[in-house]
>>> print(open('input-v8.txt').read())   # compact mmCIF, C-alpha atoms and all ligand atoms
# COMPACT_ATOMS: atom_id res chain seq x y z
CA MET A 22 18.59 -17.31 10.62
CA THR A 23 18.87 -17.28 6.86
CA ALA A 24 21.54 -15.43 4.97
CA LEU A 25 20.24 -12.89 2.53
CA ASN A 26 21.82 -12.27 -0.83
CA TRP A 27 20.31 -9.75 -3.16
CA LYS A 28 21.48 -8.55 -6.50
CA ASN A 29 20.27 -5.16 -7.62
CA PRO A 30 18.80 -5.52 -11.13
CA GLU A 31 19.58 -1.85 -11.82
CA LEU A 32 23.32 -2.28 -11.22
CA ASP A 33 26.06 -4.50 -12.61
CA ASN A 34 28.96 -5.59 -10.47
CA GLU A 35 30.01 -2.36 -8.82
CA ILE A 36 31.81 -2.68 -5.47
CA GLY A 37 29.31 -3.27 -2.69
CA SER A 38 26.31 -3.31 -5.01
CA GLU A 39 25.44 -6.89 -4.15
CA VAL A 40 23.77 -7.11 -0.76
CA LYS A 41 25.05 -9.92 1.44
CA LEU A 42 23.66 -10.15 4.95
CA THR A 43 25.07 -13.16 6.81
CA TYR A 44 22.19 -13.27 9.26
CA GLY A 45 19.52 -11.81 7.02
CA PHE A 46 16.72 -10.45 9.19
CA GLY A 47 18.02 -12.40 12.18
CA PRO A 48 18.08 -13.91 14.67
CA VAL A 49 21.79 -14.18 15.28
CA PRO A 50 23.06 -17.35 17.01
CA THR A 51 24.96 -15.43 19.72
CA LYS A 52 24.21 -13.56 22.94
CA ASN A 53 25.21 -10.07 24.06
CA LYS A 54 27.76 -9.36 21.38
CA ARG A 55 28.87 -5.85 20.52
CA ILE A 56 26.79 -4.40 17.75
CA PHE A 57 26.79 -1.15 15.83
CA TYR A 58 23.24 -0.38 14.72
CA PHE A 59 22.81 1.93 11.75
CA ASP A 60 19.79 3.80 10.53
CA ILE A 61 19.74 4.15 6.73
CA ASP A 62 17.64 7.00 5.37
CA ASN A 63 19.14 10.47 5.81
CA CYS A 64 21.89 8.81 7.79
CA LEU A 65 23.96 6.60 5.48
CA TYR A 66 23.22 9.13 2.79
CA GLU A 67 22.81 12.85 3.20
CA ARG A 68 19.50 14.56 3.39
CA SER A 69 20.84 16.85 0.70
CA THR A 70 20.55 14.02 -1.79
CA LYS A 71 17.28 14.38 -3.58
CA ILE A 72 15.75 11.34 -1.93
CA HIS A 73 14.22 13.13 0.98
CA ASP A 74 12.54 15.57 -1.40
CA LEU A 75 11.49 12.84 -3.82
CA MET A 76 9.96 10.92 -0.97
CA GLN A 77 8.20 13.97 0.42
CA VAL A 78 6.64 14.61 -2.99
CA LYS A 79 5.39 11.03 -3.24
CA ILE A 80 4.06 10.99 0.31
CA HIS A 81 2.41 14.36 -0.15
CA GLN A 82 0.70 13.12 -3.30
CA TYR A 83 -0.43 10.01 -1.47
CA PHE A 84 -2.02 12.07 1.31
CA LYS A 85 -3.78 14.23 -1.25
CA ASP A 86 -5.04 11.37 -3.43
CA HIS A 87 -6.09 8.95 -0.75
CA LEU A 88 -7.50 11.30 1.83
CA SER A 89 -8.84 13.88 -0.63
CA LEU A 90 -6.93 16.74 0.99
CA ASP A 91 -5.69 20.01 -0.44
CA ASP A 92 -1.97 20.86 -0.31
CA ASP A 93 -2.07 22.65 3.05
CA GLU A 94 -4.10 19.96 4.79
CA ALA A 95 -1.96 17.21 3.31
CA ASN A 96 1.20 18.94 4.45
CA ARG A 97 -0.09 19.53 7.97
CA LEU A 98 -1.27 15.96 8.44
CA HIS A 99 1.91 14.51 6.97
CA MET A 100 4.05 16.53 9.41
CA THR A 101 1.77 15.69 12.35
CA TYR A 102 2.05 11.98 11.66
CA TYR A 103 5.78 12.16 11.10
CA LYS A 104 6.35 13.93 14.40
CA THR A 105 3.87 11.84 16.35
CA TYR A 106 4.69 8.40 15.05
CA GLY A 107 8.11 8.76 13.45
CA LEU A 108 6.62 7.65 10.15
CA ALA A 109 3.86 9.03 7.98
CA ILE A 110 2.60 5.57 7.08
CA GLU A 111 2.08 4.74 10.75
CA GLY A 112 -0.46 7.55 11.01
CA LEU A 113 -2.08 6.59 7.73
CA VAL A 114 -2.58 2.99 8.80
CA ARG A 115 -3.73 3.84 12.31
CA ASN A 116 -6.12 6.59 11.42
CA HIS A 117 -7.17 5.85 7.86
CA LYS A 118 -6.73 2.09 7.40
CA VAL A 119 -4.44 2.63 4.45
CA ASP A 120 -2.96 -0.52 2.85
CA ALA A 121 0.65 -0.12 3.86
CA LEU A 122 2.16 -2.35 1.21
CA GLU A 123 0.26 -0.52 -1.50
CA TYR A 124 1.53 2.73 0.00
CA ASN A 125 5.04 1.33 0.00
CA SER A 126 4.86 0.38 -3.66
CA LYS A 127 3.59 3.87 -4.55
CA VAL A 128 6.11 5.74 -2.39
CA ASP A 129 9.38 4.03 -1.42
CA ASP A 130 9.63 1.41 -4.15
CA SER A 131 8.87 3.90 -6.90
CA LEU A 132 11.72 6.26 -6.02
CA ASP A 133 14.40 6.72 -8.63
CA LEU A 134 17.25 5.80 -6.30
CA LYS A 135 19.56 5.07 -9.17
CA SER A 136 19.73 8.77 -10.05
CA ALA A 137 19.80 10.01 -6.48
CA LEU A 138 22.22 7.68 -4.71
CA LYS A 139 25.82 7.19 -5.75
CA PRO A 140 28.44 4.94 -4.17
CA ASN A 141 30.10 6.64 -1.23
CA PRO A 142 33.71 5.40 -1.08
CA GLU A 143 34.60 7.53 1.97
CA LEU A 144 31.73 6.13 3.99
CA ARG A 145 32.65 2.65 2.79
CA GLU A 146 36.22 3.19 3.92
CA MET A 147 35.10 4.50 7.30
CA LEU A 148 32.81 1.53 7.90
CA ILE A 149 35.59 -0.88 6.97
CA LYS A 150 37.94 0.95 9.35
CA ILE A 151 35.41 0.70 12.19
CA ARG A 152 34.93 -3.00 11.50
CA GLN A 153 38.67 -3.51 11.50
CA SER A 154 38.94 -1.81 14.89
CA GLY A 155 37.78 -5.15 16.28
CA LYS A 156 35.29 -3.40 18.56
CA PHE A 157 32.25 -4.90 16.94
CA ASP A 158 30.90 -8.34 16.30
CA TYR A 159 28.15 -7.18 13.98
CA PHE A 160 26.98 -4.23 11.96
CA TRP A 161 23.20 -4.18 11.88
CA LEU A 162 20.85 -2.02 9.84
CA VAL A 163 17.79 -0.69 11.62
CA THR A 164 15.29 1.08 9.44
CA ASN A 165 11.75 2.39 9.45
CA ALA A 166 11.55 1.64 5.75
CA TYR A 167 10.28 -1.60 4.30
CA LYS A 168 12.93 -4.17 3.35
CA ASN A 169 12.92 -3.45 -0.41
CA HIS A 170 13.87 0.18 0.06
CA ALA A 171 16.56 -0.68 2.62
CA LEU A 172 18.23 -3.19 0.31
CA ARG A 173 18.08 -0.84 -2.65
CA CYS A 174 19.62 2.02 -0.65
CA ILE A 175 22.66 0.17 0.62
CA SER A 176 23.21 -1.38 -2.79
CA PHE A 177 23.22 1.97 -4.58
CA LEU A 178 25.53 3.35 -1.88
CA GLY A 179 27.99 0.52 -2.53
CA LEU A 180 27.71 -0.72 1.05
CA GLY A 181 25.83 -3.95 0.43
CA ASP A 182 28.56 -6.26 1.70
CA LEU A 183 29.36 -4.46 4.96
CA PHE A 184 26.46 -5.42 7.20
CA ASP A 185 25.48 -8.61 8.95
CA GLY A 186 21.75 -8.12 9.07
CA LEU A 187 18.77 -5.85 8.80
CA THR A 188 15.70 -5.09 10.85
CA PHE A 189 13.09 -3.30 8.80
CA CYS A 190 9.66 -1.98 9.47
CA ASP A 191 7.14 -4.58 8.42
CA TYR A 192 4.35 -2.59 6.85
CA SER A 193 2.24 -5.72 6.52
CA ASN A 194 1.72 -5.80 10.30
CA PHE A 195 -1.04 -3.89 12.00
CA PRO A 196 -0.44 -1.78 13.92
CA ILE A 197 2.90 -0.95 12.35
CA VAL A 198 5.79 -1.19 14.78
CA CYS A 199 8.54 1.32 14.02
CA LYS A 200 11.19 3.42 15.71
CA PRO A 201 10.89 5.08 18.22
CA MET A 202 8.51 2.52 19.75
CA THR A 203 10.04 0.47 22.54
CA LYS A 204 8.51 -2.60 20.95
CA TYR A 205 10.51 -2.00 17.79
CA TYR A 206 13.80 -1.70 19.68
CA HIS A 207 13.04 -4.74 21.83
CA ASN A 208 12.40 -6.71 18.65
CA VAL A 209 15.76 -5.53 17.28
CA PHE A 210 17.53 -6.57 20.49
CA GLN A 211 15.86 -9.97 20.48
CA LEU A 212 16.81 -10.59 16.86
CA THR A 213 20.39 -9.54 17.51
CA GLY A 214 20.74 -11.50 20.74
CA ILE A 215 21.01 -8.57 23.14
CA ASP A 216 19.46 -8.98 26.57
CA PHE A 217 17.92 -5.53 26.90
CA GLU A 218 17.51 -5.94 30.63
CA ASP A 219 21.24 -6.41 31.01
CA LYS A 220 22.65 -2.94 31.64
CA GLU A 221 26.20 -3.90 30.88
CA ALA A 222 25.29 -5.53 27.58
CA MET A 223 23.20 -2.52 26.59
CA GLY A 224 26.01 -0.18 27.56
CA GLN A 225 28.25 -1.76 24.93
CA GLN A 226 25.94 -1.15 22.01
CA TYR A 227 26.30 1.59 19.42
CA PHE A 228 23.51 3.25 17.49
CA ILE A 229 23.31 6.05 14.96
CA ASP A 230 20.24 7.77 13.56
CA ASP A 231 19.33 11.18 12.20
CA SER A 232 16.01 11.32 14.04
CA GLU A 233 15.84 13.03 17.42
CA ILE A 234 13.02 10.85 18.74
CA ASN A 235 14.84 7.71 17.65
CA VAL A 236 18.14 8.56 19.32
CA LYS A 237 16.39 9.65 22.51
CA ALA A 238 14.49 6.36 22.59
CA ALA A 239 17.72 4.40 22.10
CA PHE A 240 19.38 6.39 24.88
CA ASP A 241 16.40 5.93 27.23
CA LEU A 242 16.56 2.18 26.65
CA GLY A 243 20.14 2.18 27.90
CA MET A 244 22.20 1.96 24.74
CA GLY A 245 25.60 3.16 25.81
CA ASN A 246 26.82 4.84 22.64
CA VAL A 247 24.27 6.81 20.69
CA TYR A 248 25.09 9.15 17.83
CA HIS A 249 22.67 11.73 16.54
CA TYR A 250 23.55 12.81 13.03
CA VAL A 251 22.25 16.34 12.56
CA GLU A 252 23.08 17.50 9.08
CA VAL A 253 20.88 20.59 8.79
CA ASP A 254 22.04 23.80 10.55
CA LYS A 255 18.53 24.90 11.43
CA GLU A 256 17.80 21.62 13.15
CA TYR A 257 21.05 21.80 15.04
CA GLU A 258 20.31 25.33 16.25
CA ALA A 259 16.83 24.29 17.39
CA LEU A 260 18.12 21.18 19.11
CA ILE A 261 20.77 22.86 21.23
CA ARG A 262 18.18 25.33 22.50
CA LYS A 263 15.82 22.66 23.75
CA GLU A 264 15.06 22.44 27.46
CA ASP A 265 16.04 18.81 27.68
CA PHE A 266 19.28 19.30 25.74
CA ASN A 267 21.53 18.63 28.72
CA LYS A 268 19.47 15.69 29.86
CA TYR A 269 20.10 13.96 26.55
CA TYR A 270 23.20 15.53 25.05
CA GLY A 271 25.28 16.35 28.10
CA GLU A 272 28.69 14.86 28.84
CA GLY A 273 28.80 11.13 28.13
CA LYS A 274 25.32 11.07 26.69
CA ILE A 275 24.09 11.24 23.08
CA LYS A 276 26.85 12.42 20.77
CA LEU A 277 25.99 14.98 18.14
CA VAL A 278 27.70 14.64 14.80
CA ARG A 279 27.29 17.06 11.93
CA HIS A 280 28.68 14.65 9.37
CA ILE A 281 28.46 10.87 9.20
CA LEU A 282 32.22 10.64 8.62
CA ASP A 283 32.82 12.25 12.04
CA VAL A 284 31.87 8.94 13.62
CA GLY A 285 35.07 7.45 12.23
CA LYS A 286 37.16 9.74 14.43
CA ASP A 287 36.17 7.65 17.46
CA PHE A 288 37.82 4.52 16.04
MG MG B 1 16.78 8.19 9.17
>>> encode(input="input-v8.txt", output="structure tokens")
Amino acid sequence: MTALNWKNPELDNEIGSEVKLTYGFGPVPTKNKRIFYFDIDNCLYERSTKIHDLMQVKIHQYFKDHLSLDDDEANRLHMTYYKTYGLAIEGLVRNHKVDALEYNSKVDDSLDLKSALKPNPELREMLIKIRQSGKFDYFWLVTNAYKNHALRCISFLGLGDLFDGLTFCDYSNFPIVCKPMTKYYHNVFQLTGIDFEDKEAMGQQYFIDDSEINVKAAFDLGMGNVYHYVEVDKEYEALIRKEDFNKYYGEGKIKLVRHILDVGKDF
């Protein structure tokens, strides 16, 4: 366990711009504490920020350049990999032996986050309120991005001082382990001291993500309080019509929220 402090060179001393993670990337020194796990991208900021689009453009270009595809083929393959693996890079590494860190530098790290992400005081206030509820021992970030992008995001959002640690997707590993793989979650639980075979301990954990496959995986693993943040109307409409909707979103199961601030109503 090493604390992580990171100062964003693109910002001065705005509130929450300095990232301070007490337990860094883990492990924590405790067992079976109560943890709220947060996804970052399209979850702690809205999809309607330009980031999603900026990223799509960069990824699309990467598919085109590195696999010599036209726009249609690039788009199709990108979507296939995203839906199959939860992450475009996962498909690129598995099927095309792409250098993931080079990809990361060309895609995530090159995004102009400074223009796209602004501090979110309401979200900051909500997170502080949830912390002050005394229900949680730790707030933990769980992302499919590489660490650089994760740190930059929470810094630009002014939330850098509100989390205890971060689990990121290590693109330098092969094969890449990311959400919704069980292995990824088990790694998160190990690093945060949760015995994932202990039903009671798992039942106390909270998790929020905007990805359907990620929340379903968290629910299937026994996390007791799972939020699915569905911002886009079209996705919401499609989701509630799915055959397995009741299996996953019925009473006492995954909670659907249409806005991240709705989570605060539970505390
Ligand atoms: Mg996300």
>>> residues_around(input="input-v8.txt", residues="region 182-193 of chain A", least_positions_apart="2", cutoff="6 Å", atoms="all atoms listed in the file", output="list in words")
Gly37, Val40, Lys41, Leu42, Thr43, Tyr44, Gly45, Phe46, Ala121, Tyr159, Phe160, Trp161, Leu162, Val163, Thr164, Asn165, Ala166, Tyr167, Lys168, Leu180, Ile197 and Cys199 of chain A
>>> residues_near_ligand(input="input-v8.txt", ligand="ligand MG 1 (chain B)", cutoff="6 Å", atoms="all atoms listed in the file", output="list in words")
Asp60, Ile61, Asp62, Asn63, Cys64, Asp230, Asp231 and Ser232 of chain A
>>> residues_around(input="input-v8.txt", residues="His99 (chain A)", least_positions_apart="4", cutoff="9 Å", atoms="only C-alpha atoms", output="list in words")
Ile80, His81, Phe84, Glu94, Ala95, Tyr103, Lys104, Leu108, Ala109, Ile110, Gly112 and Leu113 of chain A
>>> write_last_selection(input="input-v8.txt", atoms="C-alpha atoms", output="short mmCIF file (atom, residue, chain, number, x, y, z; two decimals), keeping the file's coordinate frame")
data_model
loop_
_atom_site.label_atom_id
_atom_site.label_comp_id
_atom_site.auth_asym_id
_atom_site.auth_seq_id
_atom_site.Cartn_x
_atom_site.Cartn_y
_atom_site.Cartn_z
CA ILE A 80 4.06 10.99 0.31
CA HIS A 81 2.41 14.36 -0.15
CA PHE A 84 -2.02 12.07 1.31
CA GLU A 94 -4.10 19.96 4.79
CA ALA A 95 -1.96 17.21 3.31
CA TYR A 103 5.78 12.16 11.10
CA LYS A 104 6.35 13.93 14.40
CA LEU A 108 6.62 7.65 10.15
CA ALA A 109 3.86 9.03 7.98
CA ILE A 110 2.60 5.57 7.08
CA GLY A 112 -0.46 7.55 11.01
CA LEU A 113 -2.08 6.59 7.73
#
>>> atom_distance(input="input-v8.txt", atom1="CA of Lys263 (chain A)", atom2="CA of Ile275 (chain A)")
14.1 Å
>>> atom_distance(input="input-v8.txt", atom1="CA of Ser38 (chain A)", atom2="CA of Asp287 (chain A)")
26.9 Å
>>> closest_atom_pairs(input="input-v8.txt", of="region 107-209 of chain A", to="region 237-249 of chain A", cutoff="8 Å", atoms="only C-alpha atoms", output="CSV")
residue,atom,partner,partner_atom,distance
A:Pro201,CA,A:Ala238,CA,5.8
A:Met202,CA,A:Ala238,CA,7.7
A:Thr203,CA,A:Ala238,CA,7.4
A:Tyr206,CA,A:Ala239,CA,7.6
>>> axis_aligned_box(input="input-v8.txt", around="region 22-40 of chain A", padding_each_side="8 Å", output="AutoDock Vina command-line options")
--center_x 25.2 --center_y -9.6 --center_z -1.0 --size_x 29.2 --size_y 31.5 --size_z 39.2
>>> atom_distance(input="input-v8.txt", atom1="CA of Phe59 (chain A)", atom2="CA of Ile229 (chain A)")
5.2 Å
>>> closest_atom_pairs(input="input-v8.txt", of="region 30-103 of chain A", to="region 208-213 of chain A", cutoff="10 Å", atoms="all atoms listed in the file", output="CSV")
residue,atom,partner,partner_atom,distance
A:Tyr44,CA,A:Thr213,CA,9.2
A:Phe46,CA,A:Leu212,CA,7.7
A:Gly47,CA,A:Leu212,CA,5.2
A:Pro48,CA,A:Leu212,CA,4.2
A:Val49,CA,A:Thr213,CA,5.3
A:Pro50,CA,A:Thr213,CA,8.3
A:Thr51,CA,A:Thr213,CA,7.8
A:Lys52,CA,A:Thr213,CA,7.8
A:Asn53,CA,A:Thr213,CA,8.1
A:Lys54,CA,A:Thr213,CA,8.3
A:Arg55,CA,A:Thr213,CA,9.7
A:Ile56,CA,A:Thr213,CA,8.2
A:Tyr58,CA,A:Val209,CA,9.4
>>> closest_residue(input="input-v8.txt", among="A:Lys85, A:Arg145, A:Arg173, A:His280", to="Trp27 (chain A)", atoms="all atoms listed in the file")
A:Arg173
>>> closest_atom_pairs(input="input-v8.txt", of="region 67-163 of chain A", to="region 250-253 of chain A", cutoff="10 Å", atoms="only C-alpha atoms", output="JSON lines")
{"residue": "A:Glu67", "atom": "CA", "partner": "A:Glu252", "partner_atom": "CA", "distance": 7.5}
{"residue": "A:Arg68", "atom": "CA", "partner": "A:Glu252", "partner_atom": "CA", "distance": 7.3}
{"residue": "A:Ser69", "atom": "CA", "partner": "A:Glu252", "partner_atom": "CA", "distance": 8.7}
